[in-house]
$ cat model-v8.cif   # mmCIF, C-alpha atoms
data_target
loop_
_atom_site.label_atom_id
_atom_site.label_comp_id
_atom_site.auth_asym_id
_atom_site.auth_seq_id
_atom_site.Cartn_x
_atom_site.Cartn_y
_atom_site.Cartn_z
CA MET A 1 -33.03 -3.53 -18.78
CA SER A 2 -34.12 -4.81 -15.38
CA GLU A 3 -31.59 -6.40 -13.10
CA SER A 4 -31.67 -10.19 -12.91
CA PRO A 5 -32.08 -11.85 -9.49
CA VAL A 6 -28.45 -12.96 -9.64
CA GLU A 7 -27.22 -9.47 -10.47
CA HIS A 8 -29.42 -7.95 -7.75
CA SER A 9 -28.15 -10.44 -5.21
CA ALA A 10 -24.56 -9.79 -6.27
CA ALA A 11 -25.06 -6.03 -6.05
CA ARG A 12 -26.51 -6.30 -2.54
CA GLY A 13 -23.72 -8.64 -1.58
CA LEU A 14 -21.13 -6.23 -2.91
CA ARG A 15 -22.55 -3.37 -0.86
CA ALA A 16 -22.41 -5.52 2.27
CA THR A 17 -18.90 -6.58 1.28
CA SER A 18 -17.88 -2.96 0.93
CA ARG A 19 -19.13 -2.13 4.40
CA ALA A 20 -17.51 -5.15 6.06
CA THR A 21 -14.22 -4.62 4.21
CA SER A 22 -14.18 -0.92 4.98
CA ARG A 23 -14.85 -1.48 8.67
CA THR A 24 -12.20 -4.19 8.92
CA LEU A 25 -9.57 -1.91 7.44
CA LEU A 26 -10.51 1.10 9.53
CA ALA A 27 -10.76 -0.88 12.78
CA GLY A 28 -7.34 -2.45 12.22
CA VAL A 29 -5.64 0.86 11.50
CA ILE A 30 -7.26 2.67 14.42
CA LEU A 31 -6.49 -0.14 16.87
CA SER A 32 -2.89 -0.50 15.76
CA CYS A 33 -2.20 3.25 15.72
CA GLY A 34 -3.78 3.54 19.15
CA LEU A 35 -1.45 0.90 20.53
CA LEU A 36 1.55 2.48 18.80
CA VAL A 37 0.78 5.89 20.28
CA LEU A 38 0.27 4.34 23.72
CA GLY A 39 3.55 2.46 23.51
CA LEU A 40 5.44 5.55 22.34
CA ILE A 41 4.01 7.69 25.14
CA LYS A 42 4.82 5.08 27.80
CA ALA A 43 8.36 4.73 26.49
CA ALA A 44 8.84 8.51 26.32
CA VAL A 45 7.53 8.95 29.87
CA ALA A 46 9.85 6.21 31.09
CA GLY A 47 12.68 8.05 29.33
CA SER A 48 13.82 4.93 27.51
CA VAL A 49 13.18 4.45 23.79
CA PRO A 50 15.05 1.42 22.41
CA THR A 51 16.35 1.74 18.88
CA LEU A 52 16.93 -1.73 17.54
CA LEU A 53 15.49 -4.88 19.05
CA HIS A 54 15.50 -8.49 18.07
CA PRO A 55 11.96 -9.87 17.79
CA ALA A 56 10.89 -11.95 20.76
CA ALA A 57 8.29 -14.70 20.61
CA ILE A 58 4.78 -13.37 20.04
CA SER A 59 3.61 -15.05 23.26
CA GLU A 60 6.16 -13.00 25.17
CA HIS A 61 4.69 -9.83 23.71
CA PHE A 62 1.18 -10.77 24.81
CA ARG A 63 2.49 -11.32 28.34
CA GLY A 64 4.31 -8.00 28.19
CA VAL A 65 1.17 -6.13 27.10
CA THR A 66 -0.72 -7.20 30.20
CA SER A 67 2.09 -5.83 32.35
CA GLY A 68 2.12 -2.54 30.40
CA ASP A 69 5.54 -3.05 28.83
CA PRO A 70 5.85 -0.37 26.10
CA VAL A 71 8.03 -2.62 23.91
CA SER A 72 5.34 -5.30 23.88
CA ILE A 73 2.58 -2.76 23.31
CA VAL A 74 4.40 -1.40 20.27
CA HIS A 75 5.12 -4.89 18.96
CA LEU A 76 1.45 -5.81 19.30
CA GLY A 77 0.43 -2.64 17.51
CA LEU A 78 2.77 -3.45 14.62
CA LEU A 79 1.51 -7.03 14.41
CA ILE A 80 -2.12 -5.86 14.31
CA LEU A 81 -1.16 -3.39 11.58
CA MET A 82 0.42 -6.17 9.53
CA CYS A 83 -2.58 -8.42 10.05
CA THR A 84 -5.13 -5.78 9.00
CA PRO A 85 -4.80 -6.33 5.22
CA ILE A 86 -4.82 -10.09 5.81
CA ALA A 87 -8.07 -9.77 7.73
CA ARG A 88 -9.45 -7.73 4.84
CA VAL A 89 -8.69 -10.52 2.39
CA LEU A 90 -10.35 -13.05 4.69
CA VAL A 91 -13.48 -10.91 5.01
CA LEU A 92 -13.66 -10.56 1.24
CA ALA A 93 -13.25 -14.31 0.75
CA ILE A 94 -16.16 -14.97 3.10
CA GLU A 95 -18.33 -12.33 1.47
CA PHE A 96 -17.59 -13.56 -2.04
CA PHE A 97 -18.63 -17.06 -0.94
CA ALA A 98 -21.80 -15.66 0.62
CA SER A 99 -22.73 -13.82 -2.57
CA ARG A 100 -21.91 -16.95 -4.64
CA GLU A 101 -19.08 -15.33 -6.57
CA PHE A 102 -16.99 -18.47 -6.33
CA SER A 103 -14.30 -17.46 -8.79
CA PHE A 104 -13.38 -14.39 -6.73
CA ALA A 105 -13.71 -16.37 -3.53
CA ALA A 106 -11.12 -18.78 -4.97
CA VAL A 107 -8.88 -15.86 -5.92
CA SER A 108 -9.13 -14.50 -2.37
CA LEU A 109 -8.25 -17.89 -0.90
CA CYS A 110 -5.22 -18.11 -3.18
CA VAL A 111 -4.05 -14.73 -1.95
CA LEU A 112 -4.56 -15.87 1.65
CA PHE A 113 -2.58 -19.04 0.98
CA LEU A 114 0.28 -17.03 -0.50
CA LEU A 115 0.30 -14.66 2.46
CA ALA A 116 0.22 -17.55 4.93
CA THR A 117 3.14 -19.13 3.11
CA GLY A 118 5.07 -15.89 3.31
CA ILE A 119 4.34 -15.53 7.02
CA PHE A 120 5.36 -19.12 7.70
CA VAL A 121 8.60 -18.80 5.76
CA GLY A 122 9.35 -15.41 7.28
CA LEU A 123 8.79 -16.44 10.88
CA ILE A 124 10.45 -19.89 11.01
CA MET B 1 17.17 6.52 21.02
CA PRO B 2 17.01 10.14 22.25
CA LEU B 3 13.59 11.69 22.55
CA GLY B 4 14.68 14.38 20.12
CA GLU B 5 15.23 11.72 17.49
CA LEU B 6 11.74 10.38 18.22
CA LEU B 7 10.35 13.84 17.59
CA ILE B 8 12.29 14.08 14.32
CA LEU B 9 10.77 10.76 13.26
CA LEU B 10 7.25 11.92 14.05
CA CYS B 11 7.66 15.25 12.27
CA GLY B 12 9.59 13.78 9.36
CA GLY B 13 7.04 11.03 8.96
CA PHE B 14 4.25 13.61 9.02
CA ALA B 15 5.97 15.64 6.30
CA ALA B 16 6.56 12.52 4.19
CA GLY B 17 2.94 11.47 4.50
CA LEU B 18 1.68 14.97 3.77
CA VAL B 19 3.79 15.45 0.66
CA GLY B 20 3.06 11.93 -0.51
CA ALA B 21 -0.69 12.47 -0.22
CA LEU B 22 -0.49 15.80 -2.08
CA PHE B 23 1.20 14.11 -5.04
CA GLY B 24 -0.71 10.85 -4.92
CA LEU B 25 2.21 8.84 -3.63
CA GLY B 26 2.58 6.61 -0.63
CA GLY B 27 4.97 7.69 2.08
CA GLY B 28 7.60 5.11 1.12
CA ILE B 29 9.35 7.21 -1.46
CA LEU B 30 10.21 9.84 1.14
CA VAL B 31 10.37 7.72 4.31
CA VAL B 32 13.29 5.55 3.16
CA PRO B 33 15.57 8.51 2.27
CA LEU B 34 14.55 10.26 5.50
CA LEU B 35 15.57 7.29 7.63
CA VAL B 36 18.77 6.51 5.73
CA LEU B 37 20.09 10.00 5.05
CA LEU B 38 19.01 11.83 8.20
CA LEU B 39 18.88 9.15 10.87
CA LYS B 40 21.57 6.83 9.42
CA LEU B 41 19.32 3.81 9.73
CA PRO B 42 20.48 0.67 7.88
CA MET B 43 18.81 0.41 4.48
CA HIS B 44 16.99 -2.86 5.20
CA HIS B 45 15.51 -1.44 8.40
CA ALA B 46 14.42 1.68 6.55
CA ILE B 47 12.70 -0.40 3.87
CA ALA B 48 10.90 -2.47 6.52
CA THR B 49 9.72 0.69 8.27
CA SER B 50 8.53 2.12 4.99
CA LEU B 51 6.48 -1.01 4.28
CA LEU B 52 4.68 -0.58 7.61
CA CYS B 53 3.94 3.06 6.78
CA VAL B 54 2.55 1.96 3.42
CA ILE B 55 0.27 -0.56 5.13
CA ALA B 56 -1.12 2.09 7.47
CA THR B 57 -1.79 4.75 4.84
CA SER B 58 -3.12 2.27 2.31
CA SER B 59 -5.53 0.64 4.76
CA ALA B 60 -6.93 3.96 5.92
CA ALA B 61 -7.45 5.27 2.38
CA ALA B 62 -8.78 1.95 1.10
CA SER B 63 -11.47 1.84 3.79
CA LYS B 64 -12.92 5.01 2.30
CA ASN B 65 -12.41 4.04 -1.36
CA VAL B 66 -14.07 0.66 -0.90
CA ARG B 67 -17.06 2.20 0.84
CA ASN B 68 -17.66 4.78 -1.89
CA GLY B 69 -17.16 2.27 -4.69
CA LEU B 70 -14.07 3.88 -6.23
CA ALA B 71 -11.87 0.84 -5.62
CA ASN B 72 -12.58 -2.03 -8.01
CA VAL B 73 -12.46 -4.81 -5.45
CA ARG B 74 -12.67 -7.67 -7.96
CA LEU B 75 -9.91 -6.26 -10.15
CA GLY B 76 -7.82 -5.52 -7.07
CA MET B 77 -8.13 -9.06 -5.72
CA THR B 78 -7.23 -10.53 -9.12
CA LEU B 79 -4.12 -8.41 -9.46
CA GLU B 80 -3.14 -9.04 -5.83
CA LEU B 81 -2.28 -12.61 -6.72
CA TRP B 82 0.56 -11.22 -8.80
CA THR B 83 1.66 -8.37 -6.55
CA VAL B 84 1.93 -10.72 -3.57
CA VAL B 85 4.14 -13.14 -5.48
CA GLY B 86 6.29 -10.27 -6.70
CA ALA B 87 6.51 -8.74 -3.22
CA MET B 88 7.59 -11.98 -1.60
CA LEU B 89 10.28 -12.44 -4.21
CA GLY B 90 11.39 -8.83 -3.86
CA GLY B 91 11.56 -9.03 -0.08
CA THR B 92 13.52 -12.25 -0.23
CA LEU B 93 15.90 -10.85 -2.83
CA ALA B 94 16.56 -7.81 -0.62
CA GLY B 95 18.03 -10.16 1.97
CA PHE B 96 20.73 -11.15 -0.47
CA LEU B 97 21.63 -7.60 -1.44
CA SER B 98 23.79 -5.28 0.64
CA GLY B 99 22.59 -1.92 1.92
CA PRO B 100 24.71 0.10 -0.55
CA ILE B 101 23.38 -1.93 -3.48
CA LEU B 102 19.80 -1.30 -2.35
CA MET B 103 20.59 2.39 -1.98
CA ARG B 104 21.80 2.57 -5.57
CA ILE B 105 18.72 0.73 -6.84
CA PHE B 106 16.47 3.05 -4.83
CA GLY B 107 18.30 6.12 -6.11
CA ILE B 108 17.93 5.01 -9.72
CA ALA B 109 14.28 4.12 -9.13
CA LEU B 110 13.63 7.61 -7.73
CA ALA B 111 15.16 9.20 -10.82
CA VAL B 112 13.07 7.00 -13.12
CA MET B 113 9.87 7.61 -11.15
CA SER B 114 10.44 11.36 -11.34
CA ILE B 115 9.62 11.24 -15.06
CA PRO B 116 5.94 10.27 -14.77
CA MET B 117 5.76 12.48 -11.68
CA SER B 118 6.82 15.55 -13.65
CA ARG B 119 4.36 14.82 -16.45
CA GLY B 120 1.41 13.77 -14.33
CA VAL B 121 -0.72 10.75 -15.12
CA PRO B 122 -2.97 11.13 -18.16
CA ASP B 123 -6.55 9.99 -17.67
CA ALA B 124 -8.10 7.34 -19.84
CA GLU B 125 -10.32 8.54 -22.68
CA PRO B 126 -13.70 9.72 -21.39
CA PRO B 127 -15.47 6.67 -19.99
CA ASP B 128 -18.46 5.49 -21.93
CA SER B 129 -21.85 4.46 -20.65
CA GLY B 130 -20.83 0.82 -20.43
CA GLY B 131 -21.69 -0.54 -23.87
CA THR B 132 -19.65 -3.51 -25.08
CA ALA B 133 -20.21 -3.28 -28.81
CA GLU B 134 -16.98 -1.34 -29.49
CA LEU B 135 -14.67 -3.78 -27.66
CA PRO B 136 -12.60 -5.54 -30.37
CA VAL B 137 -11.54 -8.64 -28.41
CA PRO B 138 -14.05 -11.18 -27.11
CA ARG B 139 -13.82 -11.41 -23.34
CA THR B 140 -14.46 -14.26 -20.96
CA PRO B 141 -17.20 -13.99 -18.31
CA PHE B 142 -14.44 -13.60 -15.71
CA GLN B 143 -12.97 -10.62 -17.56
CA GLN B 144 -16.41 -9.11 -17.92
CA SER B 145 -16.98 -9.46 -14.19
CA LEU B 146 -13.96 -7.19 -13.60
CA ASP B 147 -15.70 -4.21 -15.21
CA GLY B 148 -16.47 -1.52 -12.73
CA GLY B 149 -18.40 1.63 -12.01
CA TYR B 150 -18.65 4.39 -9.47
CA TYR B 151 -20.43 7.65 -8.82
CA ASP B 152 -18.18 10.62 -9.58
CA GLN B 153 -19.22 13.39 -7.21
CA ALA B 154 -17.16 16.01 -9.02
CA GLU B 155 -18.88 15.24 -12.32
CA ASP B 156 -22.21 14.38 -10.67
CA ALA B 157 -22.46 11.36 -12.92
CA ALA B 158 -22.21 7.59 -12.78
CA VAL B 159 -19.10 6.28 -14.50
CA THR B 160 -18.70 2.75 -15.85
CA TYR B 161 -15.68 1.25 -17.52
CA HIS B 162 -14.35 -1.97 -19.02
CA VAL B 163 -11.01 -3.41 -18.00
CA GLU B 164 -8.84 -4.27 -20.98
CA ARG B 165 -5.45 -5.99 -21.38
CA LEU B 166 -5.74 -7.94 -18.14
CA PRO B 167 -2.56 -9.99 -18.80
CA LEU B 168 -0.58 -6.74 -19.06
CA ALA B 169 -2.04 -5.52 -15.78
CA MET B 170 -1.08 -8.81 -14.13
CA SER B 171 2.49 -8.61 -15.41
CA VAL B 172 2.93 -5.03 -14.28
CA SER B 173 1.42 -5.88 -10.91
CA ALA B 174 4.04 -8.58 -10.39
CA VAL B 175 6.82 -6.11 -11.21
CA ALA B 176 5.29 -3.46 -8.96
CA GLY B 177 5.06 -6.03 -6.17
CA ALA B 178 8.70 -6.96 -6.57
CA LEU B 179 9.72 -3.31 -6.38
CA SER B 180 7.58 -2.88 -3.31
CA GLY B 181 9.25 -5.77 -1.54
CA LEU B 182 12.70 -4.72 -2.65
CA LEU B 183 12.53 -0.97 -1.98
CA GLY B 184 9.66 -0.46 0.47
CA VAL B 185 7.53 1.63 -1.90
CA GLY B 186 3.88 1.10 -2.69
CA GLY B 187 4.28 0.54 -6.43
CA GLY B 188 1.34 2.72 -7.37
CA ILE B 189 3.50 5.01 -9.48
CA ILE B 190 3.95 2.07 -11.87
CA LYS B 191 0.51 0.51 -11.65
CA VAL B 192 -1.66 3.60 -11.97
CA PRO B 193 -0.26 4.81 -15.33
CA VAL B 194 -0.57 1.31 -16.78
CA LEU B 195 -4.13 0.87 -15.52
CA THR B 196 -5.20 4.20 -16.98
CA THR B 197 -3.22 4.22 -20.23
CA PHE B 198 -3.43 0.58 -21.31
CA CYS B 199 -6.23 -0.99 -19.28
CA ARG B 200 -8.68 1.89 -19.79
CA VAL B 201 -9.49 2.33 -16.11
CA PRO B 202 -10.37 5.95 -15.19
CA ILE B 203 -7.67 7.52 -13.09
CA LYS B 204 -9.77 7.88 -9.94
CA ALA B 205 -10.67 4.19 -10.02
CA ALA B 206 -7.10 3.23 -10.97
CA ALA B 207 -5.59 5.17 -8.07
CA ALA B 208 -8.18 3.83 -5.64
CA THR B 209 -7.75 0.24 -6.83
CA SER B 210 -3.97 0.51 -6.70
CA ASN B 211 -4.21 1.90 -3.19
CA PHE B 212 -6.54 -0.95 -2.25
CA MET B 213 -3.90 -3.47 -3.33
CA ILE B 214 -0.87 -1.82 -1.81
CA GLY B 215 -1.58 -2.85 1.79
CA VAL B 216 -1.64 -6.56 0.98
CA THR B 217 1.39 -6.17 -1.26
CA ALA B 218 3.38 -4.55 1.54
CA VAL B 219 2.32 -7.17 4.08
CA ALA B 220 3.61 -9.95 1.86
CA SER B 221 7.17 -8.68 2.20
CA ALA B 222 6.85 -7.06 5.64
CA PHE B 223 6.78 -10.46 7.32
CA VAL B 224 9.94 -11.42 5.44
CA TYR B 225 11.70 -8.41 6.95
CA TYR B 226 10.14 -9.11 10.36
CA GLY B 227 11.51 -12.64 10.32
CA ARG B 228 15.00 -11.31 9.57
CA GLY B 229 14.76 -8.98 12.59
CA GLU B 230 14.87 -5.87 10.42
CA ILE B 231 11.87 -4.10 11.92
CA SER B 232 12.87 -1.54 14.53
CA PRO B 233 9.75 -1.32 16.69
CA PHE B 234 9.95 2.25 18.01
CA ILE B 235 11.38 3.75 14.84
CA SER B 236 8.61 2.01 12.91
CA ALA B 237 5.96 3.09 15.41
CA ALA B 238 6.96 6.77 15.29
CA SER B 239 7.22 6.70 11.50
CA VAL B 240 3.85 4.99 11.07
CA VAL B 241 2.09 7.43 13.39
CA GLY B 242 3.75 10.42 11.71
CA VAL B 243 3.12 9.26 8.15
CA PHE B 244 -0.44 8.29 8.95
CA GLY B 245 -1.21 11.72 10.38
CA GLY B 246 0.50 13.46 7.48
CA SER B 247 -1.28 11.46 4.81
CA ARG B 248 -4.70 12.09 6.38
CA THR B 249 -3.93 15.81 6.49
CA GLY B 250 -2.56 15.75 2.95
CA SER B 251 -5.59 14.00 1.54
CA HIS B 252 -7.81 16.77 2.90
CA LEU B 253 -5.52 19.47 1.53
CA ALA B 254 -5.13 17.79 -1.86
CA ALA B 255 -8.67 18.76 -2.80
CA ARG B 256 -7.79 22.41 -2.23
CA ILE B 257 -4.30 22.56 -3.69
CA HIS B 258 -3.53 22.17 -7.37
CA GLY B 259 -0.54 19.86 -7.20
CA HIS B 260 0.33 20.13 -10.86
CA HIS B 261 2.06 23.44 -10.21
CA LEU B 262 4.42 21.76 -7.75
CA ARG B 263 4.82 18.54 -9.69
CA ARG B 264 8.02 19.43 -11.50
CA GLY B 265 9.60 20.82 -8.36
CA PHE B 266 8.83 17.57 -6.56
CA ALA B 267 10.20 15.54 -9.43
CA LEU B 268 13.44 17.52 -9.16
CA LEU B 269 13.51 16.85 -5.42
CA MET B 270 13.16 13.12 -6.12
CA ILE B 271 16.17 13.27 -8.45
CA LEU B 272 18.24 15.12 -5.85
CA ILE B 273 17.34 12.64 -3.12
CA GLY B 274 18.13 9.75 -5.46
CA ALA B 275 21.52 11.28 -6.24
CA GLN B 276 22.27 11.66 -2.53
CA LEU B 277 21.41 8.02 -1.88
CA ILE B 278 23.69 6.86 -4.69
CA TRP B 279 26.46 9.16 -3.41
CA LYS B 280 26.06 7.76 0.10
CA SER B 281 26.15 4.19 -1.21
CA PHE B 282 29.65 4.85 -2.51
CA GLY B 283 30.76 6.10 0.88
CA GLY B 284 30.10 9.77 0.34
CA SER B 285 28.81 11.87 3.19
CA ILE B 286 25.86 14.20 2.98
CA VAL B 287 26.81 17.86 3.53
#
$ encode --input "model-v8.cif" --output "structure tokens"
Amino acid sequence: MSESPVEHSAARGLRATSRATSRTLLAGVILSCGLLVLGLIKAAVAGSVPTLLHPAAISEHFRGVTSGDPVSIVHLGLLILMCTPIARVLVLAIEFFASREFSFAAVSLCVLFLLATGIFVGLI
Amino acid sequence: MPLGELLILLCGGFAAGLVGALFGLGGGILVVPLLVLLLKLPMHHAIATSLLCVIATSSAAASKNVRNGLANVRLGMTLELWTVVGAMLGGTLAGFLSGPILMRIFGIALAVMSIPMSRGVPDAEPPDSGGTAELPVPRTPFQQSLDGGYYDQAEDAAVTYHVERLPLAMSVSAVAGALSGLLGVGGGIIKVPVLTTFCRVPIKAAAATSNFMIGVTAVASAFVYYGRGEISPFISAASVVGVFGGSRTGSHLAARIHGHHLRRGFALLMILIGAQLIWKSFGGSIV
């Protein structure tokens, strides 16, 4: 049985989705681990590795990164790590829309909404 | 924190990730006991750290499984709706429970999870070529769109499968998500057996799809812990780096080592660790 134009388009879209999703995940993990390693090395070299810290405002961490503060570098690495799966969901939502799989695009948006709600509730 | 402790975290995390990958588990099951029993970290902080480790290992593995088609992305997204809700509830509930209570729950969960670990996960019946005639229950177009397929390199054959009992998979996903948020584990040890045994998903696809979902599940509750100030940045960083390295090494070794010989020994280890956590929760000290 030959593939219908819709099925062919969906299959091509899914391959593109797979590549974009895969790259998003890998890039997020590599970037976050790189920052974590950098922050750990800087803290170890400075001879000061804090154990427990209260979270500061995210804007403070961005300022701290530019000054090379290891605490801020580690915080940024952890935030990027936590945002990596969220970015993956967003990429999938976009790709499902592009391949006209609207039901799964809606599912992805629902997941994003739930995650955003959780982040909002967790951070206020 | 002394640098020696940092080194212990890196090495311990590596070992947890390595062993977890060899037995198809995330690092959470071993990271939480490591942090609580060895480093005396508060239980909530240990759970938060474990969730971050789960995100790292899951994301790295999922990038490969999505690319090679093993992970059923549509099924994963559908079930994620339920795991995310469960995880948020679990993470919120953890805030109302004391550390000792969580230790006891974790200890009991380890003992329960050791049972399927000792037996191994049975595969679904041999996948068919994708025909629908034998399916007894009419399915909606949405359910049909969840069917999947992949190329099995070991068998040198294309494998297709139909997903059955979707409501059951959704229910189990919500429970697995709640456990993930409550205890800092990935939840795959619950989801994979259900997907293979009841939903007729081949084990490779079930494990890959479960792994695909775990990252989002962990994130849902990780922010809850972050907001409560229960993420220790440097302890989390060292654990994540260690577990990530260990799991990557373990996944390469897993193809060469037959884990079923070690499965019962690891199940026994899980029971022992669970017993130690319960003992500690009642004020006992670890000798």
$ closest_residue --input "model-v8.cif" --among "A:Val45, A:Ser22, A:Phe97, A:Leu31" --to "chain B" --atoms "all atoms listed in the file"
A:Ser22
$ atom_distance --input "model-v8.cif" --atom1 "atom CA of Cys33 of chain A" --atom2 "atom CA of Ala56 of chain B"
8.4 Å
$ atom_distance --input "model-v8.cif" --atom1 "atom CA of Asp156 of chain B" --atom2 "atom CA of Phe96 of chain A"
29.6 Å
$ closest_residue --input "model-v8.cif" --among "B:Tyr150, B:Trp82, B:Trp279, B:Phe106" --to "chain A" --atoms "only C-alpha atoms"
B:Trp82
$ resolve_selection --input "model-v8.cif" --expression "the PyMOL selection byres ((chain A) within 9 of (chain B))" --output "PyMOL selection string"
chain A and resi 15+17-19+21-26+28-30+32-33+36-37+39-40+43-44+47-55+71+74-75+77-78+81-86+88-89+92+103-104+107-108+110-111+114-116+118-124
$ resolve_selection --input "model-v8.cif" --expression "the PyMOL selection byres ((chain B and resi 272) around 12)" --output "NGL selection string"
:B and (30 or 33 or 107-108 or 110-111 or 114 or 265-271 or 273-279 or 286)
$ resolve_selection --input "model-v8.cif" --expression "the PyMOL selection byres ((chain B and resi 20) around 10)" --output "list in words"
Phe14, Ala15, Ala16, Gly17, Leu18, Val19, Ala21, Leu22, Phe23, Gly24, Leu25, Gly26, Gly27, Gly28, Ile29, Leu30, Val31, Val243, Gly246, Ser247, Gly250 and Ser251 of chain B
$ atom_distance --input "model-v8.cif" --atom1 "atom CA of Asn72 of chain B" --atom2 "atom CA of Asp147 of chain B"
8.1 Å
